[in-house]
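Presented below is the structure to which this report refers.
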Amino acid sequence: MTQIKRIAIFGSTGSIGTQALEVIAANTDKFSAEILTAQTNDELLVKQAIQFNPNCVVIGDETKYQKVKEALSHTHVKVFAGEQSLIEVAAMDCYDMMLAAIVGYAGLKPTLQAIENNKPIALANKETLVVAGDILMQKALAKRVPIIPVDSEHAAIFQCLVGEGRNKIEKIILTASGGPFFGKKPNFLVNVKKDHALQHPNWSMGAKITIDSATLMNKGLEMIEAKWLFNLQPEQIQVIIHQQSIIHSMVQFEDGSIKAQMGLPDMKLPIQYALAFPQRIPNQFPRYDFKKPNTLTFEEPDIRTFRNLFLATEALKKGGNMPCIMNAANEIAVYAFLRNRIGFLDITEMIEQTMNKISFIEKPSLEEYFESDGEARTFAASLIHLQF
Ligand code: NAD
Ligand code: MG
């Protein structure tokens with residue numbers, strides 16, 4: 001890699017975004033940050049802009065535009081604000097690859113725009129594929145735009161597939177840490193509060209994905225993400241609890257051979273891999289040591305207790321707009337839980353009721369996905385007022 005790869009980080013102030021900037025800072029001969037975006041954290045965005053001197057920044061919250069503009073007035077950094085600016089900036093020519101690291105549905109439109117403009121995507125934002133995976137992958141295929149997964153499980157599968165050409169996948173095995181409530185039962189979960197749910201044993205991540213990990217919805221979203229990334233049937237996707245998070249996921253081929261990708265849990269690794277693909281670049285991250293006493297364990301997930309995983313499997317099998325509906329309800333429920341409006345088990349209840357309520361569409365257009373998302377959000381939000 002002789003040329004510098006110019007990266008656009010959508011969601012630069014988040015957990016993935018800040019770790020990506022650490023990777024870029026450690027490899028300034030290989031990468032630069034050309035676009036940075038944040039929703040509300042203007043102070044961190046300004047700090048990042050001063051350090052990385054990008055072409056432009058976007059602050060989602062328009063009330064903070066003046067503040068960001070003034071703080072960067074002594075630089076050449078262009079400042080934009082608002083949701084529409086994210087899409088406009090995604091259409092710019094000043095970058096070579098988008099790191100899609102916005103959380104939730106909000107990441108969908110800018111990512112579609114980047115693909116439209118022939119930009120390769122390093123994809124952290126799994127909700128994009130859950131909402132409209134068919135449309136996004138078709139567009140990427142038509143444009144010959146690579147989608148390189150950042151999510152650690154999918155990055156693992158992607159790495160296992162390098163060099164396999166057209167060899168068929170028999171199944172993939174997605175590993176799940178089990179989250180902070182592994183082994184717990186509903187009588188415990190009913191009293192869980194947000195502070196406890198936010199303590200993940202192995203990974204430090206943004207609030208939404210941390211709750212998704214505690215409810216196992218994260219693994220459900222990842223099953224759907226895997227379906228689209230690797231063109232799989234639902235029966236080819238297995239989830240297994242592996243509490244140590246050392247095996248990041250596995251692929252089983254038609255001859256029964258299984259490949260695993262392993263390492264210590266550190267998101268900088270899949271981020272760096274996606275940014276530098278197809279090269280691997282050296283780093284000083286801590287290494288896994290087989291000499292230390294360590295047991296790797298594997299168990300079936302308890303889908304009767306963690307019903308979100310069951311619901312996600314149903315959505316995966318049903319297809320159409322069902323994953324989109326499920327995702328919207330989950331986003332509303334998780335933010336309600338984070339604001340102490342509903343209990344931990346109510347999250348599942350809200351998702352299930354929303355999935356039963358919103359009209360099913362087997363082959364939705366992009367417009368219909370947007371509508372399903374809106375309808376599901378409105379309905380899920382109404383449940384909070386009515387029942388919880
Ligand atoms: P985070 O909450 O830490 O950061 C989210 C980023 O998106 C922030 O920069 C925020 O400003 C921006 N954002 C939030 N809402 C927005 C909106 N409505 N419009 C525009 N921008 C908005 O989240 P994260 O943990 O970094 O996760 C980002 C994505 O990566 C998620 O989809 C998550 O599932 C995925 N992911 C994260 C991890 C991890 O270790 N954190 C691992 C795998 C996948
Ligand atoms: Mg993951």
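By convention here, the chains of the structure tokens are called A, B, ... in the order presented, each chain's residues are numbered starting at 1, and ligands are numbered starting at 1 in the order presented.
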Residues up to 7 Å from ligand 1, counting only C-alpha atoms and all ligand atoms: could you list those as a PyMOL selection string? chain A and resi 10-17+37-41+60+83+101-104+106-107+124-127+150-152+203-209+267
Could you dump the residues just selected with C-alpha atoms as a compact mmCIF listing (two decimals), in the first residue's frame?
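Result went into selection_18.txt, see below:
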# COMPACT_ATOMS: atom_id res chain seq x y z
CA PHE A 10 -19.44 7.92 9.93
CA GLY A 11 -19.90 7.83 13.70
CA SER A 12 -16.35 8.92 14.63
CA THR A 13 -17.17 9.73 18.27
CA GLY A 14 -18.49 6.25 19.09
CA SER A 15 -16.74 3.17 20.39
CA ILE A 16 -15.89 1.90 16.88
CA GLY A 17 -15.17 5.40 15.55
CA THR A 37 -19.35 12.67 11.83
CA ALA A 38 -21.03 12.78 15.24
CA GLN A 39 -24.60 13.08 16.42
CA THR A 40 -24.30 15.08 19.65
CA ASN A 41 -20.75 15.00 21.02
CA GLY A 60 -26.00 15.66 13.44
CA GLU A 83 -29.27 14.33 8.82
CA ALA A 101 -19.90 3.14 12.39
CA ILE A 102 -23.15 4.99 13.09
CA VAL A 103 -25.40 2.99 15.42
CA GLY A 104 -28.82 1.81 14.29
CA ALA A 106 -29.63 6.06 11.04
CA GLY A 107 -26.62 4.51 9.30
CA ALA A 124 -19.68 -1.98 11.56
CA ASN A 125 -23.32 -0.83 11.43
CA LYS A 126 -25.04 -4.23 11.37
CA GLU A 127 -28.54 -2.69 11.57
CA VAL A 150 -16.03 -5.02 10.93
CA ASP A 151 -18.31 -6.88 13.34
CA SER A 152 -15.85 -9.33 14.93
CA TRP A 203 -16.07 -5.97 25.27
CA SER A 204 -16.35 -2.25 25.90
CA MET A 205 -18.90 -0.92 23.39
CA GLY A 206 -21.58 1.71 22.83
CA ALA A 207 -24.70 1.58 25.03
CA LYS A 208 -27.11 0.16 22.44
CA ILE A 209 -25.00 -2.81 21.37
CA MET A 267 -12.21 -4.44 18.06
What do you get as a PyMOL selection string if you pick all residues at most 12 Å from ligand 2, counting only C-alpha atoms and all ligand atoms? chain A and resi 16+123-127+149-157+174-179+202-205+209-210+212-213+216-226+239+245+247-249+265-267+270
Which of segment 230-276 of chain A fall in strand (DSSP E or B), as a PyMOL selection string: chain A and resi 237-241+247-253+258-262
Restrict the selected residues to N, CA, C and O atoms and save them as a PDB file, in the first residue's frame.
ATOM      1  N   ILE A 237     -26.888 -21.226   9.655  1.00  0.00           N
ATOM      2  CA  ILE A 237     -26.331 -20.307  10.655  1.00  0.00           C
ATOM      3  C   ILE A 237     -26.587 -20.856  12.055  1.00  0.00           C
ATOM      4  O   ILE A 237     -27.734 -20.991  12.466  1.00  0.00           O
ATOM      5  N   GLN A 238     -25.527 -21.187  12.761  1.00  0.00           N
ATOM      6  CA  GLN A 238     -25.653 -21.728  14.116  1.00  0.00           C
ATOM      7  C   GLN A 238     -25.024 -20.749  15.110  1.00  0.00           C
ATOM      8  O   GLN A 238     -23.991 -20.136  14.822  1.00  0.00           O
ATOM      9  N   VAL A 239     -25.667 -20.616  16.260  1.00  0.00           N
ATOM     10  CA  VAL A 239     -25.118 -19.763  17.315  1.00  0.00           C
ATOM     11  C   VAL A 239     -24.672 -20.641  18.473  1.00  0.00           C
ATOM     12  O   VAL A 239     -25.399 -21.541  18.885  1.00  0.00           O
ATOM     13  N   ILE A 240     -23.491 -20.374  18.985  1.00  0.00           N
ATOM     14  CA  ILE A 240     -22.990 -21.131  20.133  1.00  0.00           C
ATOM     15  C   ILE A 240     -22.397 -20.157  21.162  1.00  0.00           C
ATOM     16  O   ILE A 240     -21.762 -19.183  20.777  1.00  0.00           O
ATOM     17  N   ILE A 241     -22.681 -20.425  22.421  1.00  0.00           N
ATOM     18  CA  ILE A 241     -22.118 -19.553  23.463  1.00  0.00           C
ATOM     19  C   ILE A 241     -20.677 -19.983  23.733  1.00  0.00           C
ATOM     20  O   ILE A 241     -20.401 -21.160  24.000  1.00  0.00           O
ATOM     21  N   ILE A 247     -12.393 -17.473  20.209  1.00  0.00           N
ATOM     22  CA  ILE A 247     -12.781 -17.836  18.832  1.00  0.00           C
ATOM     23  C   ILE A 247     -13.853 -16.840  18.415  1.00  0.00           C
ATOM     24  O   ILE A 247     -14.912 -16.745  19.037  1.00  0.00           O
ATOM     25  N   HIS A 248     -13.578 -16.082  17.361  1.00  0.00           N
ATOM     26  CA  HIS A 248     -14.508 -15.007  16.995  1.00  0.00           C
ATOM     27  C   HIS A 248     -15.637 -15.486  16.091  1.00  0.00           C
ATOM     28  O   HIS A 248     -16.650 -14.797  15.981  1.00  0.00           O
ATOM     29  N   SER A 249     -15.464 -16.610  15.454  1.00  0.00           N
ATOM     30  CA  SER A 249     -16.499 -17.355  14.715  1.00  0.00           C
ATOM     31  C   SER A 249     -15.812 -18.395  13.848  1.00  0.00           C
ATOM     32  O   SER A 249     -14.574 -18.396  13.753  1.00  0.00           O
ATOM     33  N   MET A 250     -16.627 -19.277  13.242  1.00  0.00           N
ATOM     34  CA  MET A 250     -16.058 -20.401  12.482  1.00  0.00           C
ATOM     35  C   MET A 250     -16.873 -20.659  11.214  1.00  0.00           C
ATOM     36  O   MET A 250     -18.049 -20.334  11.151  1.00  0.00           O
ATOM     37  N   VAL A 251     -16.185 -21.283  10.258  1.00  0.00           N
ATOM     38  CA  VAL A 251     -16.856 -21.731   9.033  1.00  0.00           C
ATOM     39  C   VAL A 251     -16.622 -23.224   8.884  1.00  0.00           C
ATOM     40  O   VAL A 251     -15.490 -23.690   9.020  1.00  0.00           O
ATOM     41  N   GLN A 252     -17.692 -23.967   8.616  1.00  0.00           N
ATOM     42  CA  GLN A 252     -17.580 -25.397   8.323  1.00  0.00           C
ATOM     43  C   GLN A 252     -17.843 -25.589   6.838  1.00  0.00           C
ATOM     44  O   GLN A 252     -18.860 -25.124   6.322  1.00  0.00           O
ATOM     45  N   PHE A 253     -16.911 -26.264   6.172  1.00  0.00           N
ATOM     46  CA  PHE A 253     -17.034 -26.470   4.723  1.00  0.00           C
ATOM     47  C   PHE A 253     -17.686 -27.817   4.424  1.00  0.00           C
ATOM     48  O   PHE A 253     -17.970 -28.595   5.339  1.00  0.00           O
ATOM     49  N   ILE A 258     -13.445 -27.484   9.644  1.00  0.00           N
ATOM     50  CA  ILE A 258     -13.882 -26.222  10.274  1.00  0.00           C
ATOM     51  C   ILE A 258     -12.691 -25.290  10.426  1.00  0.00           C
ATOM     52  O   ILE A 258     -11.651 -25.682  10.951  1.00  0.00           O
ATOM     53  N   LYS A 259     -12.865 -24.054   9.965  1.00  0.00           N
ATOM     54  CA  LYS A 259     -11.836 -23.028  10.179  1.00  0.00           C
ATOM     55  C   LYS A 259     -12.346 -22.039  11.216  1.00  0.00           C
ATOM     56  O   LYS A 259     -13.518 -21.641  11.164  1.00  0.00           O
ATOM     57  N   ALA A 260     -11.459 -21.640  12.127  1.00  0.00           N
ATOM     58  CA  ALA A 260     -11.822 -20.632  13.131  1.00  0.00           C
ATOM     59  C   ALA A 260     -10.849 -19.469  13.030  1.00  0.00           C
ATOM     60  O   ALA A 260      -9.696 -19.653  12.630  1.00  0.00           O
ATOM     61  N   GLN A 261     -11.292 -18.284  13.382  1.00  0.00           N
ATOM     62  CA  GLN A 261     -10.378 -17.150  13.527  1.00  0.00           C
ATOM     63  C   GLN A 261     -10.366 -16.806  14.998  1.00  0.00           C
ATOM     64  O   GLN A 261     -11.424 -16.725  15.637  1.00  0.00           O
ATOM     65  N   MET A 262      -9.161 -16.640  15.548  1.00  0.00           N
ATOM     66  CA  MET A 262      -9.018 -16.467  16.996  1.00  0.00           C
ATOM     67  C   MET A 262      -8.176 -15.246  17.329  1.00  0.00           C
ATOM     68  O   MET A 262      -7.434 -14.735  16.501  1.00  0.00           O
TER      69      MET A 262
END
One decimal, Å: what's the distance from atom CA of His76 of chain A over to atom CA of Ser32 of chain A, could you say?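 Separating atom CA of His76 of chain A from atom CA of Ser32 of chain A is a distance of 15.5 Å.
You can rank A:Ile135, A:Ala140, A:Ala276, A:Met355 by their closest distance to Ala315 of chain A using only C-alpha atoms, and at the top of that list sits A:Met355.
The shortest atom-to-atom distance to Ser257 of chain A, with only C-alpha atoms taken into account, belongs to A:Ile172 out of A:Ile172, A:Leu129, A:Met137, A:Ala142.
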Select, from A:Arg341, A:Lys185, A:Lys78, A:Lys139, the residue with the minimum atom-to-atom distance to Lys119 of chain A, counting only C-alpha atoms. A:Lys139
Atom pair atom CA of Asp373 of chain A / atom CA of Ile325 of chain A: separation (Å): 5.8 Å
From the options A:Ala132, A:Met322, A:Leu296, A:Ile271, which residue's atoms come nearest to Leu229 of chain A, counting only C-alpha atoms? A:Ala132
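Minimum atom-to-atom distance to Ile148 of chain A, evaluated using only C-alpha atoms, belongs to A:Tyr273 out of A:Phe31, A:Tyr273, A:Phe285, A:Phe80.
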In Å to one decimal, how far is atom CA of Asn117 of chain A from atom CA of Leu316 of chain A? 29.3 Å
I need the helix (DSSP H, G or I) residues of segment 82-256 of chain A per DSSP on the backbone, written as a PyMOL selection string. chain A and resi 83-90+105-116+126-143+152-161+186-189+194-197+207-215+217-230+234-236
Which residues are close to Pro282 of chain A, i.e. within 12 Å by only C-alpha atoms, leaving aside same-chain residues fewer than 3 positions away? Reply as a VMD selection string. chain A and resid 23 26 to 27 30 269 272 to 273 276 279 285 to 286
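Counting only C-alpha atoms and comparing A:Asp61, A:Phe181, A:Ile332, A:Met326, the residue that lies closest to Pro301 of chain A is A:Phe181.
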